[in-house]
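K.L.:
This one is target33.csv, CSV, N, CA and C atoms.
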```csv
chain,number,residue,atom,x,y,z
A,132,MET,N,3.4,38.6,-63.1
A,132,MET,CA,4.3,38.3,-62.0
A,132,MET,C,4.9,39.5,-61.4
A,133,THR,N,5.0,39.6,-60.1
A,133,THR,CA,5.5,40.8,-59.4
A,133,THR,C,7.1,40.7,-59.5
A,134,LYS,N,7.6,41.9,-59.3
A,134,LYS,CA,9.1,42.0,-59.3
A,134,LYS,C,9.7,41.1,-58.2
A,135,THR,N,9.1,41.0,-57.1
A,135,THR,CA,9.6,40.2,-56.0
A,135,THR,C,9.7,38.7,-56.4
A,136,MET,N,8.8,38.2,-57.2
A,136,MET,CA,8.8,36.8,-57.6
A,136,MET,C,9.8,36.6,-58.7
A,137,THR,N,10.2,37.6,-59.5
A,137,THR,CA,11.1,37.5,-60.6
A,137,THR,C,12.5,37.8,-60.2
A,138,ASP,N,12.8,38.3,-59.0
A,138,ASP,CA,14.1,38.7,-58.6
A,138,ASP,C,14.9,37.4,-58.4
A,139,TRP,N,16.1,37.4,-59.0
A,139,TRP,CA,17.0,36.2,-59.0
A,139,TRP,C,17.4,35.8,-57.6
A,140,ARG,N,17.4,36.8,-56.7
A,140,ARG,CA,17.8,36.4,-55.3
A,140,ARG,C,16.9,35.5,-54.6
A,141,HIS,N,15.6,35.4,-55.0
A,141,HIS,CA,14.7,34.5,-54.4
A,141,HIS,C,14.9,33.0,-54.8
A,142,ARG,N,15.8,32.8,-55.8
A,142,ARG,CA,16.1,31.5,-56.3
A,142,ARG,C,17.5,31.1,-55.8
A,143,ALA,N,18.2,32.0,-55.1
A,143,ALA,CA,19.6,31.7,-54.6
A,143,ALA,C,19.6,30.6,-53.6
A,144,ALA,N,20.7,29.8,-53.8
A,144,ALA,CA,20.9,28.7,-52.8
A,144,ALA,C,21.2,29.1,-51.4
A,145,CYS,N,21.6,30.4,-51.3
A,145,CYS,CA,22.0,30.9,-50.0
A,145,CYS,C,20.8,31.6,-49.2
A,146,ARG,N,19.7,31.6,-49.8
A,146,ARG,CA,18.6,32.4,-49.3
A,146,ARG,C,18.2,32.0,-47.9
A,147,ASP,N,18.4,30.7,-47.5
A,147,ASP,CA,18.1,30.2,-46.2
A,147,ASP,C,19.3,29.9,-45.3
A,148,THR,N,20.4,30.4,-45.8
A,148,THR,CA,21.7,30.2,-45.1
A,148,THR,C,22.0,31.5,-44.3
A,149,ASP,N,22.7,31.3,-43.1
A,149,ASP,CA,23.1,32.4,-42.3
A,149,ASP,C,24.0,33.3,-43.1
A,150,PRO,N,23.7,34.6,-43.3
A,150,PRO,CA,24.5,35.5,-44.2
A,150,PRO,C,25.9,35.6,-43.7
A,151,GLU,N,26.1,35.4,-42.4
A,151,GLU,CA,27.5,35.6,-41.8
A,151,GLU,C,28.5,34.6,-42.5
A,152,LEU,N,28.0,33.5,-43.0
A,152,LEU,CA,28.9,32.5,-43.7
A,152,LEU,C,29.6,33.1,-44.8
A,153,PHE,N,28.9,34.1,-45.5
A,153,PHE,CA,29.5,34.7,-46.7
A,153,PHE,C,30.4,35.9,-46.5
A,154,PHE,N,30.7,36.1,-45.2
A,154,PHE,CA,31.5,37.3,-44.9
A,154,PHE,C,32.6,36.8,-43.9
A,155,PRO,N,33.5,36.0,-44.3
A,155,PRO,CA,34.6,35.5,-43.4
A,155,PRO,C,35.5,36.7,-43.0
A,156,ILE,N,36.0,36.6,-41.8
A,156,ILE,CA,36.8,37.8,-41.3
A,156,ILE,C,38.3,37.7,-41.7
A,157,SER,N,38.7,36.6,-42.3
A,157,SER,CA,40.1,36.5,-42.8
A,157,SER,C,40.1,35.5,-44.0
A,158,VAL,N,41.3,35.5,-44.6
A,158,VAL,CA,41.5,34.5,-45.7
A,158,VAL,C,42.3,33.3,-45.3
A,159,VAL,N,42.7,33.2,-44.0
A,159,VAL,CA,43.5,32.1,-43.5
A,159,VAL,C,42.7,31.5,-42.3
A,160,GLY,N,43.2,30.3,-42.0
A,160,GLY,CA,42.6,29.5,-40.8
A,160,GLY,C,41.1,29.4,-41.0
A,161,PRO,N,40.4,29.7,-39.9
A,161,PRO,CA,38.9,29.5,-39.9
A,161,PRO,C,38.2,30.3,-41.0
A,162,GLY,N,38.8,31.5,-41.3
A,162,GLY,CA,38.2,32.3,-42.4
A,162,GLY,C,38.2,31.6,-43.7
A,163,ALA,N,39.4,30.9,-44.0
A,163,ALA,CA,39.5,30.2,-45.2
A,163,ALA,C,38.5,29.0,-45.3
A,164,ARG,N,38.4,28.3,-44.2
A,164,ARG,CA,37.4,27.2,-44.2
A,164,ARG,C,36.0,27.8,-44.4
A,165,GLN,N,35.7,28.9,-43.8
A,165,GLN,CA,34.4,29.5,-43.9
A,165,GLN,C,34.1,29.9,-45.4
A,166,ALA,N,35.1,30.5,-46.0
A,166,ALA,CA,35.0,30.9,-47.4
A,166,ALA,C,34.8,29.6,-48.3
A,167,THR,N,35.5,28.5,-48.0
A,167,THR,CA,35.3,27.3,-48.8
A,167,THR,C,33.9,26.8,-48.6
A,168,GLU,N,33.3,26.8,-47.4
A,168,GLU,CA,32.0,26.4,-47.1
A,168,GLU,C,31.0,27.3,-47.9
A,169,ALA,N,31.2,28.6,-47.9
A,169,ALA,CA,30.3,29.5,-48.6
A,169,ALA,C,30.4,29.2,-50.1
A,170,LYS,N,31.6,29.0,-50.7
A,170,LYS,CA,31.7,28.7,-52.1
A,170,LYS,C,31.0,27.3,-52.4
A,171,GLU,N,31.0,26.4,-51.5
A,171,GLU,CA,30.2,25.1,-51.8
A,171,GLU,C,28.7,25.4,-51.9
A,172,VAL,N,28.2,26.4,-51.2
A,172,VAL,CA,26.8,26.7,-51.4
A,172,VAL,C,26.6,27.4,-52.7
A,173,CYS,N,27.5,28.2,-53.1
A,173,CYS,CA,27.5,28.9,-54.4
A,173,CYS,C,27.6,27.9,-55.6
A,174,ALA,N,28.4,26.9,-55.4
A,174,ALA,CA,28.6,25.9,-56.5
A,174,ALA,C,27.3,25.2,-56.9
A,175,ARG,N,26.4,25.1,-56.0
A,175,ARG,CA,25.1,24.4,-56.3
A,175,ARG,C,24.0,25.4,-56.6
A,176,CYS,N,24.3,26.7,-56.7
A,176,CYS,CA,23.3,27.7,-56.9
A,176,CYS,C,22.9,27.9,-58.3
A,177,PRO,N,21.6,28.0,-58.6
A,177,PRO,CA,21.1,28.2,-60.0
A,177,PRO,C,21.3,29.6,-60.5
A,178,VAL,N,21.5,30.5,-59.6
A,178,VAL,CA,21.6,31.9,-60.0
A,178,VAL,C,23.0,32.5,-59.7
A,179,ARG,N,24.0,31.6,-59.7
A,179,ARG,CA,25.4,32.0,-59.4
A,179,ARG,C,25.9,33.1,-60.3
A,180,ALA,N,25.6,33.0,-61.6
A,180,ALA,CA,26.1,34.0,-62.6
A,180,ALA,C,25.5,35.3,-62.3
A,181,GLN,N,24.2,35.4,-62.0
A,181,GLN,CA,23.5,36.7,-61.7
A,181,GLN,C,24.1,37.3,-60.5
A,182,CYS,N,24.4,36.5,-59.5
A,182,CYS,CA,25.0,37.0,-58.2
A,182,CYS,C,26.4,37.6,-58.5
A,183,LEU,N,27.2,36.9,-59.3
A,183,LEU,CA,28.5,37.4,-59.6
A,183,LEU,C,28.4,38.7,-60.4
A,184,ARG,N,27.5,38.8,-61.3
A,184,ARG,CA,27.3,40.0,-62.1
A,184,ARG,C,26.9,41.1,-61.2
A,185,TYR,N,26.0,40.9,-60.3
A,185,TYR,CA,25.5,41.9,-59.3
A,185,TYR,C,26.7,42.4,-58.5
A,186,ALA,N,27.6,41.5,-58.0
A,186,ALA,CA,28.7,41.9,-57.2
A,186,ALA,C,29.7,42.8,-58.1
A,187,LEU,N,29.9,42.3,-59.3
A,187,LEU,CA,30.9,43.1,-60.2
A,187,LEU,C,30.3,44.4,-60.6
A,188,ASP,N,29.0,44.5,-60.9
A,188,ASP,CA,28.4,45.7,-61.3
A,188,ASP,C,28.3,46.7,-60.2
A,189,ASN,N,28.2,46.2,-59.0
A,189,ASN,CA,28.1,47.1,-57.9
A,189,ASN,C,29.4,47.3,-57.0
A,190,ALA,N,30.5,46.8,-57.6
A,190,ALA,CA,31.8,46.9,-56.9
A,190,ALA,C,31.8,46.5,-55.5
A,191,LEU,N,31.1,45.3,-55.2
A,191,LEU,CA,31.1,44.9,-53.8
A,191,LEU,C,32.5,44.4,-53.4
A,192,ASP,N,33.0,45.0,-52.3
A,192,ASP,CA,34.4,44.6,-51.9
A,192,ASP,C,34.5,43.6,-50.8
A,193,HIS,N,33.4,43.2,-50.2
A,193,HIS,CA,33.4,42.3,-49.1
A,193,HIS,C,32.5,41.1,-49.3
A,194,GLY,N,32.9,40.0,-48.9
A,194,GLY,CA,32.1,38.8,-48.9
A,194,GLY,C,32.3,37.9,-50.1
A,195,ILE,N,31.6,36.8,-50.1
A,195,ILE,CA,31.6,35.8,-51.1
A,195,ILE,C,30.3,36.0,-51.9
A,196,PHE,N,30.4,36.3,-53.2
A,196,PHE,CA,29.3,36.5,-54.1
A,196,PHE,C,29.6,35.7,-55.4
A,197,GLY,N,28.6,34.9,-55.9
A,197,GLY,CA,28.8,34.2,-57.1
A,197,GLY,C,29.9,33.2,-57.0
A,198,GLY,N,30.2,32.8,-55.9
A,198,GLY,CA,31.3,31.8,-55.7
A,198,GLY,C,32.7,32.4,-55.7
A,199,THR,N,32.8,33.7,-55.6
A,199,THR,CA,34.1,34.4,-55.6
A,199,THR,C,34.4,35.2,-54.4
A,200,THR,N,35.6,35.3,-54.1
A,200,THR,CA,36.1,36.2,-53.0
A,200,THR,C,36.3,37.6,-53.5
A,201,GLU,N,36.6,38.5,-52.6
A,201,GLU,CA,36.9,39.9,-53.0
A,201,GLU,C,38.1,39.9,-53.9
A,202,ALA,N,39.1,39.2,-53.6
A,202,ALA,CA,40.4,39.2,-54.4
A,202,ALA,C,40.1,38.6,-55.8
A,203,GLU,N,39.3,37.6,-55.8
A,203,GLU,CA,38.9,37.0,-57.1
A,203,GLU,C,38.1,37.9,-58.0
A,204,ARG,N,37.2,38.7,-57.4
A,204,ARG,CA,36.4,39.6,-58.2
A,204,ARG,C,37.3,40.8,-58.6
A,205,ARG,N,38.3,41.2,-57.8
A,205,ARG,CA,39.2,42.3,-58.2
A,205,ARG,C,40.0,41.8,-59.5
A,206,GLU,N,40.4,40.6,-59.4
A,206,GLU,CA,41.2,40.0,-60.6
A,206,GLU,C,40.3,39.9,-61.8
A,207,LEU,N,39.0,39.5,-61.7
A,207,LEU,CA,38.1,39.5,-62.8
A,207,LEU,C,37.9,40.9,-63.4
A,208,THR,N,37.8,41.9,-62.5
A,208,THR,CA,37.6,43.3,-63.0
A,208,THR,C,38.8,43.8,-63.7
A,209,ARG,N,40.0,43.5,-63.2
A,209,ARG,CA,41.3,43.9,-63.8
A,209,ARG,C,41.4,43.2,-65.2
A,210,THR,N,41.1,42.0,-65.3
A,210,THR,CA,41.1,41.2,-66.5
A,210,THR,C,40.1,41.8,-67.5
A,211,ARG,N,38.9,42.1,-67.1
A,211,ARG,CA,37.9,42.6,-68.0
A,211,ARG,C,38.3,44.0,-68.5
A,212,ARG,N,38.9,44.8,-67.6
A,212,ARG,CA,39.3,46.2,-68.0
A,212,ARG,C,40.5,46.1,-69.0
A,213,ALA,N,41.4,45.2,-68.8
A,213,ALA,CA,42.5,45.0,-69.7
A,213,ALA,C,42.1,44.6,-71.1
A,214,ARG,N,41.1,43.7,-71.1
A,214,ARG,CA,40.6,43.2,-72.4
A,214,ARG,C,39.9,44.4,-73.1
A,215,GLU,N,39.1,45.2,-72.4
A,215,GLU,CA,38.4,46.3,-73.0
A,215,GLU,C,39.4,47.4,-73.5
A,216,ALA,N,40.5,47.5,-72.8
A,216,ALA,CA,41.5,48.5,-73.2
A,216,ALA,C,42.3,48.1,-74.5
A,217,ALA,N,42.3,46.8,-74.7
A,217,ALA,CA,43.2,46.3,-75.8
A,217,ALA,C,42.5,46.5,-77.1
```
Take the structure in the file and give it back as structure tokens.

P.N.:
Amino acid sequence: MTKTMTDWRHRAACRDTDPELFFPISVVGPGARQATEAKEVCARCPVRAQCLRYALDNALDHGIFGGTTEAERRELTRTRRAREAA
């Protein structure tokens, strides 16, 4: 099997969705609705965990990845660092 066929992104629920959906311009009003819609796509994704891991490992600061917003990923990172330091 080639790398392309084994890449988790090829199984992502969002692969045929407009990428703009996953990059809302705000966290209020229409942006909040857009983020909710993006998270609904993530909720049914078979590779959601891999997507979230990719975003965390690469410190992606914009967009919805693995069903999380930038703020949610920052909180996950803070929590993980605090646990590692304890």

K.L.:
Write out as JSON, numbers by chain which residues come within 8 Å of region 197-201 of chain A when counting all atoms listed in the file, dropping same-chain ones fewer than 2 positions away.

P.N.:
{"A": [166, 169, 170, 171, 172, 173, 174, 178, 179, 180, 181, 182, 183, 184, 185, 186, 191, 192, 193, 194, 195, 203, 204, 205, 206, 207]}

K.L.:
Kindly indicate which residue among A:Asn189, A:Arg214, A:Thr167, A:Arg209 lies nearest to Phe154 (chain A), using only C-alpha atoms for the distances.

P.N.:
A:Thr167

K.L.:
Do you have the CA of Asp149 (chain A)-atom C of Ala202 (chain A) distance handy?

P.N.:
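We find that CA of Asp149 (chain A) and atom C of Ala202 (chain A) lie 22.6 Å from each other.
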
K.L.:
Record the distance separating atom N of Ala143 (chain A) and atom N of Ala190 (chain A), expressed in Å with one decimal.

P.N.:
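Rounded to one decimal, the two atoms are 19.4 Å apart.
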
K.L.:
Given the choices A:Pro177, A:Glu215, A:Leu187, A:Phe196, which gets closest to Arg142 (chain A) if the distance is worked out from only C-alpha atoms?

P.N.:
A:Pro177

K.L.:
What is the CA of Pro150 (chain A) to CA of Thr208 (chain A) distance in Å?

P.N.:
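CA of Pro150 (chain A) sits 24.2 Å away from CA of Thr208 (chain A).
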